[in-house]
$ cat run24.csv   # CSV, C-alpha atoms and all ligand atoms
chain,number,residue,atom,x,y,z
W,1,MET,CA,102.6,69.9,108.6
W,2,LYS,CA,103.2,72.9,106.4
W,3,SER,CA,103.7,76.1,108.4
W,4,PHE,CA,101.6,79.2,107.8
W,5,LEU,CA,101.0,82.5,109.5
W,6,SER,CA,98.6,83.6,106.7
W,7,GLU,CA,96.4,80.6,107.0
W,8,SER,CA,96.1,78.2,104.2
W,9,ARG,CA,92.8,77.0,103.0
W,10,VAL,CA,93.6,73.5,104.2
W,11,VAL,CA,94.2,74.2,107.9
W,12,ILE,CA,91.0,75.5,109.5
W,13,GLU,CA,89.9,73.7,112.6
W,14,GLU,CA,87.0,75.4,114.2
W,15,GLY,CA,83.9,77.5,113.5
W,16,MET,CA,83.7,81.3,113.3
W,17,GLU,CA,83.0,83.0,116.6
W,18,ILE,CA,80.8,86.0,117.3
W,19,LYS,CA,82.7,88.2,119.8
W,20,SER,CA,81.0,89.9,122.7
W,21,PRO,CA,81.5,93.7,123.1
W,22,ARG,CA,83.9,92.9,126.0
W,23,GLU,CA,85.9,90.5,123.8
W,24,LEU,CA,86.0,93.1,121.0
W,25,LEU,CA,87.5,95.6,123.5
W,26,ALA,CA,90.4,93.1,124.2
W,27,MET,CA,90.8,92.8,120.4
W,28,GLU,CA,90.9,96.5,120.1
W,29,ARG,CA,93.7,96.7,122.7
W,30,ALA,CA,95.6,93.9,121.0
W,31,GLY,CA,95.1,95.8,117.7
W,32,ARG,CA,96.5,99.0,119.1
W,33,VAL,CA,99.6,97.2,120.3
W,34,VAL,CA,100.1,95.8,116.8
W,35,ALA,CA,99.7,99.2,115.3
W,36,HIS,CA,102.2,100.8,117.7
W,37,THR,CA,104.7,98.0,116.9
W,38,LEU,CA,104.3,98.4,113.2
W,39,ALA,CA,104.8,102.2,113.5
W,40,ALA,CA,108.0,101.6,115.4
W,41,LEU,CA,109.2,99.0,112.8
W,42,GLN,CA,108.3,101.2,109.9
W,43,ALA,CA,110.3,104.1,111.4
W,44,ALA,CA,113.3,101.8,111.9
W,45,VAL,CA,113.4,100.4,108.3
W,46,GLU,CA,116.4,101.9,106.6
W,47,PRO,CA,119.4,100.7,104.5
W,48,GLY,CA,121.9,99.0,106.8
W,49,ILE,CA,119.6,97.6,109.5
W,50,ARG,CA,119.6,93.8,110.0
W,51,THR,CA,116.3,92.0,110.0
W,52,ARG,CA,117.1,90.6,113.5
W,53,ASP,CA,117.3,94.2,114.7
W,54,LEU,CA,113.7,94.7,113.6
W,55,ASP,CA,112.7,91.6,115.5
W,56,ALA,CA,114.3,93.1,118.6
W,57,ILE,CA,112.3,96.2,118.2
W,58,ALA,CA,109.1,94.2,117.7
W,59,ARG,CA,109.8,92.1,120.8
W,60,THR,CA,110.5,95.2,122.9
W,61,GLU,CA,107.4,97.2,121.7
W,62,ILE,CA,105.0,94.3,122.3
W,63,ALA,CA,106.4,93.7,125.8
W,64,ARG,CA,106.4,97.4,126.6
W,65,HIS,CA,102.6,97.4,126.0
W,66,GLY,CA,102.1,94.4,128.3
W,67,ALA,CA,101.2,92.1,125.4
W,68,VAL,CA,102.5,88.8,124.1
W,69,PRO,CA,103.7,88.2,120.5
W,70,SER,CA,101.4,85.9,118.5
W,71,PHE,CA,104.1,84.6,116.2
W,72,VAL,CA,106.8,83.4,118.6
W,73,GLY,CA,106.4,79.6,118.8
W,74,TYR,CA,103.5,79.5,116.3
W,75,ARG,CA,104.1,76.2,114.7
W,76,GLY,CA,107.7,76.8,115.7
W,77,PHE,CA,108.2,80.3,114.2
W,78,PRO,CA,111.2,81.8,116.1
W,79,ALA,CA,110.4,85.5,116.0
W,80,SER,CA,107.9,88.3,116.9
W,81,VAL,CA,107.8,89.7,113.3
W,82,CYS,CA,107.9,88.4,109.8
W,83,VAL,CA,110.2,90.4,107.6
W,84,SER,CA,109.8,89.6,103.9
W,85,ILE,CA,112.0,91.4,101.4
W,86,ASN,CA,111.4,92.1,97.6
W,87,ASP,CA,110.2,88.8,96.0
W,88,GLU,CA,109.5,87.4,99.5
W,89,ILE,CA,105.7,87.5,100.0
W,90,VAL,CA,105.2,86.5,103.6
W,91,HIS,CA,106.7,84.6,106.6
W,92,GLY,CA,110.3,85.8,106.2
W,93,ILE,CA,112.3,84.9,109.3
W,94,PRO,CA,114.4,87.7,110.8
W,95,GLY,CA,118.1,87.0,110.9
W,96,ASP,CA,121.5,88.3,109.7
W,97,LYS,CA,120.1,89.7,106.4
W,98,VAL,CA,120.9,93.4,106.0
W,99,ILE,CA,118.3,95.7,104.4
W,100,ARG,CA,119.6,97.6,101.4
W,101,GLU,CA,118.7,100.8,99.6
W,102,GLY,CA,115.6,100.3,97.4
W,103,ASP,CA,114.4,97.1,99.2
W,104,LEU,CA,110.7,96.5,99.6
W,105,VAL,CA,110.2,95.4,103.2
W,106,SER,CA,107.0,93.7,104.3
W,107,LEU,CA,106.5,93.6,108.1
W,108,ASP,CA,103.8,91.4,109.7
W,109,VAL,CA,103.1,91.5,113.4
W,110,GLY,CA,100.6,89.8,115.8
W,111,ALA,CA,100.0,90.5,119.5
W,112,ILE,CA,97.8,89.0,122.2
W,113,VAL,CA,96.0,91.0,124.9
W,114,ASP,CA,93.8,89.2,127.5
W,115,GLY,CA,93.8,86.1,125.3
W,116,PHE,CA,92.8,87.9,122.0
W,117,HIS,CA,94.9,88.4,119.0
W,118,GLY,CA,95.5,91.4,116.7
W,119,ASP,CA,97.3,90.8,113.3
W,120,ALA,CA,98.4,93.4,110.8
W,121,ALA,CA,101.1,94.0,108.1
W,122,VAL,CA,102.5,96.8,106.0
W,123,THR,CA,105.0,97.1,103.2
W,124,VAL,CA,107.5,99.9,103.2
W,125,GLY,CA,110.5,101.0,101.1
W,126,ALA,CA,114.0,101.3,102.4
W,127,GLY,CA,115.5,104.6,101.3
W,128,GLU,CA,114.7,105.4,97.7
W,129,ILE,CA,112.6,102.9,95.9
W,130,THR,CA,111.6,102.7,92.2
W,131,PRO,CA,108.3,104.2,91.0
W,132,GLN,CA,107.3,100.7,90.1
W,133,ALA,CA,107.8,99.5,93.6
W,134,GLN,CA,105.9,102.5,95.0
W,135,GLU,CA,103.0,101.7,92.7
W,136,LEU,CA,102.9,98.2,93.9
W,137,ILE,CA,102.8,99.4,97.5
W,138,ASP,CA,100.0,101.9,96.8
W,139,ALA,CA,97.9,99.3,94.9
W,140,THR,CA,98.3,96.7,97.7
W,141,ARG,CA,97.2,99.3,100.3
W,142,ASP,CA,94.3,100.3,98.1
W,143,ALA,CA,93.3,96.7,97.7
W,144,LEU,CA,93.2,96.3,101.5
W,145,VAL,CA,91.0,99.4,101.7
W,146,ALA,CA,88.7,98.1,99.0
W,147,GLY,CA,88.4,94.7,100.9
W,148,ILE,CA,87.6,96.4,104.2
W,149,GLN,CA,85.0,98.7,102.5
W,150,ALA,CA,83.2,95.5,101.2
W,151,ALA,CA,83.1,94.0,104.7
W,152,GLY,CA,79.8,95.4,106.0
W,153,ALA,CA,77.3,93.3,108.1
W,154,GLY,CA,75.1,91.5,105.6
W,155,ALA,CA,77.9,91.2,103.0
W,156,ARG,CA,79.6,87.9,102.3
W,157,ILE,CA,83.3,86.8,102.4
W,158,GLY,CA,83.2,86.7,98.6
W,159,ASP,CA,82.4,90.4,98.4
W,160,ILE,CA,85.7,91.1,100.2
W,161,SER,CA,87.6,88.7,98.0
W,162,ALA,CA,86.1,90.1,94.8
W,163,ALA,CA,86.8,93.7,95.8
W,164,VAL,CA,90.5,93.0,96.6
W,165,GLN,CA,90.9,91.0,93.3
W,166,ALA,CA,89.2,93.7,91.2
W,167,LEU,CA,91.4,96.5,92.6
W,168,ALA,CA,94.6,94.5,92.2
W,169,GLU,CA,93.9,93.3,88.7
W,170,SER,CA,92.7,96.7,87.5
W,171,ARG,CA,96.3,97.9,88.3
W,172,GLY,CA,97.9,95.0,86.5
W,173,TYR,CA,98.9,92.9,89.5
W,174,SER,CA,98.1,89.3,90.4
W,175,VAL,CA,96.8,88.2,93.8
W,176,VAL,CA,98.4,85.4,95.7
W,177,ARG,CA,96.0,82.4,96.0
W,178,GLU,CA,97.8,80.0,98.2
W,179,TYR,CA,97.8,82.2,101.3
W,180,VAL,CA,94.7,84.0,102.5
W,181,GLY,CA,93.2,86.1,105.3
W,182,HIS,CA,91.3,84.6,108.1
W,183,GLY,CA,88.9,84.9,111.0
W,184,ILE,CA,90.7,86.0,114.2
W,185,GLY,CA,90.0,86.1,118.0
W,186,ARG,CA,91.1,83.7,120.7
W,187,ARG,CA,93.2,82.0,118.1
W,188,MET,CA,95.2,83.9,115.4
W,189,HIS,CA,93.6,81.8,112.7
W,190,GLU,CA,89.9,81.0,112.9
W,191,GLU,CA,87.2,80.4,110.3
W,192,PRO,CA,86.5,81.6,107.7
W,193,SER,CA,89.3,81.9,105.2
W,194,VAL,CA,89.3,85.3,103.5
W,195,PRO,CA,90.8,84.7,100.0
W,196,ASN,CA,92.0,87.7,97.9
W,197,PHE,CA,90.2,86.3,94.9
W,198,GLY,CA,86.6,85.2,94.4
W,199,LYS,CA,83.1,86.0,93.4
W,200,PRO,CA,80.7,88.5,95.0
W,201,GLY,CA,77.8,87.0,96.9
W,202,ARG,CA,79.6,83.8,97.8
W,203,GLY,CA,80.8,82.4,101.1
W,204,MET,CA,80.0,83.1,104.7
W,205,LEU,CA,77.5,85.8,105.7
W,206,LEU,CA,79.2,88.6,107.7
W,207,LYS,CA,77.5,89.3,111.0
W,208,LYS,CA,78.0,91.8,113.8
W,209,GLY,CA,80.7,90.7,116.2
W,210,MET,CA,82.8,88.8,113.7
W,211,ALA,CA,86.5,89.7,113.5
W,212,LEU,CA,88.6,89.1,110.3
W,213,ALA,CA,92.2,89.6,109.2
W,214,ILE,CA,92.0,90.9,105.6
W,215,GLU,CA,95.5,90.7,104.0
W,216,PRO,CA,96.0,91.2,100.2
W,217,MET,CA,99.3,90.0,98.9
W,218,LEU,CA,100.0,91.4,95.4
W,219,ASN,CA,102.6,90.3,92.9
W,220,VAL,CA,104.0,92.1,89.9
W,221,GLY,CA,104.2,88.8,88.0
W,222,THR,CA,102.6,85.5,88.5
W,223,TRP,CA,100.4,84.7,91.5
W,224,ARG,CA,102.2,81.4,92.0
W,225,THR,CA,104.4,80.9,95.0
W,226,ARG,CA,107.3,78.8,96.2
W,227,GLN,CA,108.4,78.1,99.8
W,228,LEU,CA,112.1,78.3,100.6
W,229,GLU,CA,114.1,75.5,102.3
W,230,ASP,CA,113.7,77.2,105.7
W,231,ASN,CA,110.1,75.9,105.5
W,232,TRP,CA,108.7,79.4,106.2
W,233,THR,CA,109.7,82.1,103.7
W,234,VAL,CA,107.2,82.2,100.8
W,235,VAL,CA,108.5,83.8,97.6
W,236,THR,CA,107.0,84.6,94.2
W,237,ALA,CA,107.6,81.7,91.8
W,238,ASP,CA,109.0,84.1,89.1
W,239,GLY,CA,111.1,86.3,91.4
W,240,SER,CA,108.9,89.3,90.9
W,241,LEU,CA,108.3,91.9,93.6
W,242,SER,CA,105.5,91.4,96.1
W,243,ALA,CA,103.7,93.5,98.7
W,244,HIS,CA,101.5,92.7,101.7
W,245,PHE,CA,99.1,94.8,103.7
W,246,GLU,CA,96.8,93.6,106.5
W,247,HIS,CA,94.3,94.8,109.1
W,248,THR,CA,92.3,93.1,111.7
W,249,ILE,CA,88.7,94.4,111.5
W,250,ALA,CA,85.5,93.9,113.5
W,251,ILE,CA,82.1,93.8,111.8
W,252,THR,CA,79.8,96.3,113.5
W,253,GLU,CA,76.4,97.8,113.0
W,254,ASP,CA,78.0,100.9,111.7
W,255,GLY,CA,80.2,99.0,109.2
W,256,PRO,CA,83.7,97.5,109.4
W,257,MET,CA,85.9,98.9,112.2
W,258,ILE,CA,89.7,98.7,111.8
W,259,LEU,CA,91.2,97.4,115.1
W,260,THR,CA,94.9,97.6,114.1
W,261,GLN,CA,95.3,101.3,113.4
W,262,LEU,CA,96.2,104.2,115.7
O,1,MG,MG,97.2,87.3,109.2
$ encode --input "run24.csv" --output "C-alpha cells"
Amino acid sequence: MKSFLSESRVVIEEGMEIKSPRELLAMERAGRVVAHTLAALQAAVEPGIRTRDLDAIARTEIARHGAVPSFVGYRGFPASVCVSINDEIVHGIPGDKVIREGDLVSLDVGAIVDGFHGDAAVTVGAGEITPQAQELIDATRDALVAGIQAAGAGARIGDISAAVQALAESRGYSVVREYVGHGIGRRMHEEPSVPNFGKPGRGMLLKKGMALAIEPMLNVGTWRTRQLEDNWTVVTADGSLSAHFEHTIAITEDGPMILTQL
C-alpha cells in the first residue's frame, strides 16, 4: 500500500463523523499540543540543525504535554514530525540531513489527546531566504486562510478547494493535486477528502461538529509530484520549491474555529 500522511483520494475508509462538544474539547486540546510543538520546532529551525534533532524536539514537546504523536507508526512512519526541505512537498523523514542557510523547511505534526487527533503544518525559512521563497511561504499561508474562511456551516468542500486554488493561482503558483486535506477526529484521516483544487458548490455539505484538516501545498512550478525511494518523501516533479501550511478546524455555528493555533 502506498503511504500517506496527507491522505490520498484513494484511501478513505469510513464516513464523516459529527463530533460532540465534548469530543471537540479533546480535539481542541490535541490541537493546542500540536501548536505548541510547531512553535518549538519553528524556533529551533536554523542552519546547522539536523532534521533528527527536530524530531527529538517534537517527541519531547508532545510527551511533555501528555499527548501521543499521531505519526509514529502510522503506516510504518518512523518519526513524530515530517520535515520536508525545498523541493520536498510533504512526508520527509527526519534523519542525518543538516539544514542549510536559505532552506525552506516544512514541518508537519500530529498529536493525540483522549483518542482525538490534531494535525497542522508550517513552512519556515532557515536563516536568510530569497524573496521568491518568502513570497511562496506567504502565498501558501494566505491560501490556507482563504480555505478556512470558506469553511462555514452550509458551505461545501468545493468552496474550500476553490478558495485555496484561486488564491494560489492568482499568485502564479500551482496546487498539488495528488495529496489533499481530510476529515479528522478519532482517526487522523477521515472522510471527506479536502482537495486544494475544485469548483465551488460541489462536494460534501459542511455541518456543525465536523472537523477538517485543510492543508494547501503550493509549488513554484508544476503541480506534479514524485515519491522518493524511501517510499515516503514526496517531491515536486520538476525540482521547484514547495510550501505547506495546515490547520485542523472545527465547523461551528459561529464559523470555522481553528484548533491548532495558540
Ligand atoms: Mg494532514
$ closest_residue --input "run24.csv" --among "W:Ala146, W:Val81, W:Ala151, W:Ala58" --to "ligand MG 1 (chain O)" --atoms "only C-alpha atoms and all ligand atoms"
W:Val81
$ closest_atom_pairs --input "run24.csv" --of "segment 149-213 of chain W" --to "segment 86-101 of chain W" --cutoff "12 Å" --atoms "only C-alpha atoms" --output "tab-separated table"
residue	atom	partner	partner_atom	distance
W:Val175	CA	W:Ile89	CA	10.9
W:Val176	CA	W:Ile89	CA	8.7
W:Arg177	CA	W:Ile89	CA	11.7
W:Glu178	CA	W:Ile89	CA	11.0
W:Tyr179	CA	W:Val90	CA	8.9
W:Val180	CA	W:Val90	CA	10.8
$ atom_distance --input "run24.csv" --atom1 "atom CA of Ile258 of chain W" --atom2 "atom CA of Ala150 of chain W"
12.8 Å
$ residues_near_point --input "run24.csv" --point "(100.1, 93.9, 124.2)" --cutoff "6 Å" --atoms "only C-alpha atoms" --output "MDAnalysis selection string"
chainID W and resid 30 33 62 65:68 111:113
$ write_last_selection --input "run24.csv" --atoms "C-alpha atoms" --output "PDB file, in the coordinates of the input"
ATOM      1  CA  ALA W  30      95.600  93.900 121.000  1.00  0.00           C
ATOM      2  CA  VAL W  33      99.600  97.200 120.300  1.00  0.00           C
ATOM      3  CA  ILE W  62     105.000  94.300 122.300  1.00  0.00           C
ATOM      4  CA  HIS W  65     102.600  97.400 126.000  1.00  0.00           C
ATOM      5  CA  GLY W  66     102.100  94.400 128.300  1.00  0.00           C
ATOM      6  CA  ALA W  67     101.200  92.100 125.400  1.00  0.00           C
ATOM      7  CA  VAL W  68     102.500  88.800 124.100  1.00  0.00           C
ATOM      8  CA  ALA W 111     100.000  90.500 119.500  1.00  0.00           C
ATOM      9  CA  ILE W 112      97.800  89.000 122.200  1.00  0.00           C
ATOM     10  CA  VAL W 113      96.000  91.000 124.900  1.00  0.00           C
TER      11      VAL W 113
END
$ closest_residue --input "run24.csv" --among "W:Ser193, W:Ser242, W:Thr51, W:Thr37" --to "ligand MG 1 (chain O)" --atoms "all atoms listed in the file"
W:Ser193
$ residues_near_ligand --input "run24.csv" --ligand "ligand MG 1 (chain O)" --cutoff "12 Å" --atoms "only C-alpha atoms and all ligand atoms" --output "PyMOL selection string"
chain W and resi 4-8+34+70-71+81-82+90-91+107-111+117-122+179-185+187-190+193-195+211-217+244-249+260
$ atom_distance --input "run24.csv" --atom1 "atom CA of Ile85 of chain W" --atom2 "atom CA of Met27 of chain W"
28.5 Å
$ closest_residue --input "run24.csv" --among "W:Asp114, W:Glu253, W:Asp238, W:Asp103" --to "Arg186 of chain W" --atoms "only C-alpha atoms"
W:Asp114
$ residues_near_point --input "run24.csv" --point "(81.7, 92.7, 113.6)" --cutoff "12 Å" --atoms "all atoms listed in the file" --output "PyMOL selection string"
chain W and resi 16-21+23-25+27-28+148+151-155+183-185+205-213+248-259
$ residues_around --input "run24.csv" --residues "Gly158 of chain W" --least-positions-apart "5" --cutoff "10 Å" --atoms "only C-alpha atoms" --output "list in words"
Gly147, Ala150, Ala151, Ala163, Val164, Val194, Pro195, Asn196, Phe197, Gly198, Lys199, Pro200, Gly201, Arg202, Gly203, Met204 and Leu205 of chain W
$ atom_distance --input "run24.csv" --atom1 "atom CA of Ser80 of chain W" --atom2 "atom CA of Val124 of chain W"
18.0 Å
$ residues_around --input "run24.csv" --residues "Ala243 of chain W" --least-positions-apart "4" --cutoff "8 Å" --atoms "only C-alpha atoms" --output "PyMOL selection string"
chain W and resi 86+89+104+106+123+136-137+140+217-219
$ closest_residue --input "run24.csv" --among "W:Gly172, W:Gly125, W:Gly221, W:Pro192" --to "Ala43 of chain W" --atoms "all atoms listed in the file"
W:Gly125
$ axis_aligned_box --input "run24.csv" --around "segment 63-69 of chain W" --padding-each-side "8 Å" --output "lines of an AutoDock Vina configuration file"
center_x = 103.8
center_y = 92.8
center_z = 124.4
size_x = 21.2
size_y = 25.2
size_z = 23.8
$ build_atoms --input "run24.csv" --residues "segment 154-165 of chain W" --atoms "all heavy atoms" --output "compact mmCIF listing (two decimals), in the coordinates of the input"
# COMPACT_ATOMS: atom_id res chain seq x y z
N GLY W 154 76.04 91.80 106.65
CA GLY W 154 75.10 91.50 105.60
C GLY W 154 75.82 91.16 104.26
O GLY W 154 75.23 90.59 103.34
N ALA W 155 77.08 91.56 104.16
CA ALA W 155 77.90 91.20 103.00
C ALA W 155 78.39 89.76 103.20
O ALA W 155 78.18 89.15 104.25
CB ALA W 155 79.03 92.14 102.80
N ARG W 156 79.04 89.22 102.19
CA ARG W 156 79.60 87.90 102.30
C ARG W 156 81.13 87.95 102.08
O ARG W 156 81.64 88.91 101.51
CB ARG W 156 78.97 86.94 101.29
CG ARG W 156 77.52 86.64 101.66
CD ARG W 156 76.87 85.61 100.73
NE ARG W 156 75.49 85.34 101.16
CZ ARG W 156 75.17 84.40 102.05
NH1 ARG W 156 76.09 83.63 102.58
NH2 ARG W 156 73.91 84.23 102.40
N ILE W 157 81.81 86.89 102.52
CA ILE W 157 83.30 86.80 102.40
C ILE W 157 83.66 87.08 100.89
O ILE W 157 84.62 87.78 100.60
CB ILE W 157 83.81 85.46 102.82
CG1 ILE W 157 83.66 85.33 104.35
CG2 ILE W 157 85.27 85.27 102.41
CD1 ILE W 157 84.52 86.28 105.16
N GLY W 158 82.89 86.51 99.98
CA GLY W 158 83.20 86.70 98.60
C GLY W 158 83.18 88.12 98.09
O GLY W 158 83.86 88.47 97.12
N ASP W 159 82.40 88.95 98.78
CA ASP W 159 82.40 90.40 98.40
C ASP W 159 83.74 91.01 98.73
O ASP W 159 84.22 91.86 97.98
CB ASP W 159 81.27 91.10 99.19
CG ASP W 159 79.89 90.57 98.83
OD1 ASP W 159 79.67 90.25 97.64
OD2 ASP W 159 79.04 90.46 99.72
N ILE W 160 84.34 90.60 99.85
CA ILE W 160 85.70 91.10 100.20
C ILE W 160 86.69 90.60 99.16
O ILE W 160 87.47 91.38 98.61
CB ILE W 160 86.10 90.60 101.60
CG1 ILE W 160 85.13 91.07 102.67
CG2 ILE W 160 87.53 91.02 101.92
CD1 ILE W 160 85.38 90.47 104.06
N SER W 161 86.64 89.30 98.90
CA SER W 161 87.60 88.70 98.00
C SER W 161 87.52 89.35 96.59
O SER W 161 88.55 89.68 96.00
CB SER W 161 87.25 87.20 97.81
OG SER W 161 87.21 86.56 99.06
N ALA W 162 86.30 89.54 96.10
CA ALA W 162 86.10 90.10 94.80
C ALA W 162 86.61 91.55 94.71
O ALA W 162 87.20 91.99 93.71
CB ALA W 162 84.65 90.02 94.36
N ALA W 163 86.38 92.31 95.79
CA ALA W 163 86.80 93.70 95.80
C ALA W 163 88.32 93.82 95.78
O ALA W 163 88.89 94.65 95.06
CB ALA W 163 86.24 94.40 97.07
N VAL W 164 88.99 92.96 96.54
CA VAL W 164 90.50 93.00 96.60
C VAL W 164 90.99 92.59 95.17
O VAL W 164 91.87 93.26 94.62
CB VAL W 164 91.00 91.98 97.62
CG1 VAL W 164 92.50 91.76 97.46
CG2 VAL W 164 90.69 92.47 99.03
N GLN W 165 90.45 91.52 94.62
CA GLN W 165 90.90 91.00 93.30
C GLN W 165 90.72 92.07 92.23
O GLN W 165 91.61 92.31 91.40
CB GLN W 165 90.22 89.73 92.96
CG GLN W 165 90.71 89.13 91.65
CD GLN W 165 90.05 87.81 91.31
OE1 GLN W 165 89.01 87.46 91.89
NE2 GLN W 165 90.64 87.07 90.41
